[in-house]
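*Asks:* Can you keep this structure in mind? I'll have questions shortly.
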Amino acid sequence: MITRELLLLGGGAGVGKSSVGWEVSHLLQTRGTAHCLVEGDNLDQVHPAPADDPHRTAITERNLAAIWANYAALGQRRLVYTNTVSVLEEPMIRRALGPGDVRSTLVLLTASEATVRARLAGREIGSQLAPHVERSLAMARRLDADAPPGTVRVATDGRSVVDIAHEVVRVAGW
């Protein structure tokens with residue numbers, strides 16, 4: 001069986017996960033490297049949460065498994081997956097890819113509080129800016145403390161998305 005490769009991009013809101021994911025995808029495209037990109041935030045957008053799945057992890061796993069099955073049927077073996085807690089959910093994501101070998105690279109994107117505040121202020125125009133910043137900072141602390149051994153931390157402060165994407169691709173060995 002062909003080994004699948006999984007690149008997880010995690011981090012609190014405002015560190016650049018989505019932007020870096022898109023740029024990683026673009027970089028891989030320019031190199032002719034086959035891959036697929038999934039924005040994990042879109043896999044659990046259901047309200048109310050299922051009664052037996054209040055944190056929506058089961059629905060995320062089911063949706064990712066369905067999407068991956070379609071990509072795998074096309075011969076894909078590399079997945080770039082972005083989500084805040086992706087580095088903590090690597091076992092669930094591996095299950096969604098099905099049986100067989102999976103080589104995982106876990107990348108935790110980081111940014112200073114000032115950078116997070118500035119980035120979120122640029123996209124939050126309503127009353128939720130302060131709570132959003134506080135949730136992001138709390139999540140960043142949790143991710144830093146709980147990220148599994150071997151997780152690579154990549155600082156995003158003052159760097160271009162292109163530069164960060166190059167580092168992430170290098171870390172993944174792609």
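Going through the structure tokens in order, the chains are called A, B, and so on, while each chain numbers its residues from 1 and the ligands are numbered from 1 in the order shown.
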Show which residues sit within 12 Å of stretch 28-31 of chain A, as an MDAnalysis selection string. Count only C-alpha atoms, and ignore same-chain residues fewer than 6 positions away.
*Replies:* chainID A and resid 21:22 37 78:80 162 165:166 168:170 172:174
*Asks:* Show me a table, sorted first by chain and then by increasing residue number, of the residues of stretch 56-96 of chain A having an atom at most 9 Å from stretch 102-123 of chain A, each with its shortest atom pair and the distance in Å to one decimal, counting only C-alpha atoms and written as JSON lines.
*Replies:*
```
{"residue": "A:Thr84", "atom": "CA", "partner": "A:Leu108", "partner_atom": "CA", "distance": 8.9}
{"residue": "A:Ser86", "atom": "CA", "partner": "A:Leu106", "partner_atom": "CA", "distance": 8.2}
{"residue": "A:Val87", "atom": "CA", "partner": "A:Leu106", "partner_atom": "CA", "distance": 5.7}
{"residue": "A:Glu90", "atom": "CA", "partner": "A:Ser104", "partner_atom": "CA", "distance": 8.1}
{"residue": "A:Arg94", "atom": "CA", "partner": "A:Val102", "partner_atom": "CA", "distance": 7.0}
```
*Asks:* Any idea what the distance is between atom CA of A:Leu8 and atom CA of A:Thr82?
*Replies:*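 About the pair atom CA of A:Leu8 and atom CA of A:Thr82: they are 6.0 Å apart.
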*Asks:* From a backbone DSSP assignment, name each residue in chain A labelled alpha helix (DSSP H), as a PyMOL selection string.
*Replies:* chain A and resi 17-31+57-73+90-96+113-123+129-146+161-172
*Asks:* Return the single residue from A:Ile164, A:Ile67, A:Ala145, A:Met92 that is closest to A:Ser19, with distances computed using only C-alpha atoms.
*Replies:*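 Ranked by minimum distance to A:Ser19, first place goes to A:Ile164.
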*Asks:* So, counting only C-alpha atoms, which residue among A:Ala13, A:Val85, A:Val171, A:Ala58 is closest to A:Arg153?
*Replies:*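 Of A:Ala13, A:Val85, A:Val171, A:Ala58, the one nearest A:Arg153 is A:Val171, counting only C-alpha atoms.
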*Asks:* So what do you get for atom CA of A:Thr33 versus atom CA of A:Arg159, distance-wise?
*Replies:*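 Distance reported for this atom pair: 24.1 Å.
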*Asks:* Quick one: distance from atom CA of A:Thr60 to atom CA of A:Leu9 in Å, one decimal?
*Replies:*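 Value for the atom CA of A:Thr60-atom CA of A:Leu9 distance: 16.0 Å.
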*Asks:* Would you please work out which residue, of A:Gly14, A:Tyr71, A:Leu7, A:Asp52, is nearest to A:Leu129 when using only C-alpha atoms?
*Replies:*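 Using only C-alpha atoms, the shortest distance to A:Leu129 belongs to A:Gly14.
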*Asks:* I want to know what sits within 12 Å of A:Gly98, based on only C-alpha atoms, with residues of the same chain fewer than 4 positions away left out; could you give that as a ChimeraX atom specification?
*Replies:* /A:1,3-4,61-62,64-69,72,77,91-94,102
*Asks:* Could you give me, as a list in words, each residue of stretch 12-107 of chain A that DSSP assigns to strand (DSSP E or B) when run on this structure's backbone?
*Replies:*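 Checking each residue of stretch 12-107 of chain A, the strand (DSSP E or B) ones are Cys36, Leu37, Val38, Glu39, Arg78, Leu79, Val80, Tyr81, Thr82, Val102, Arg103, Ser104, Thr105, Leu106 and Val107 of chain A.
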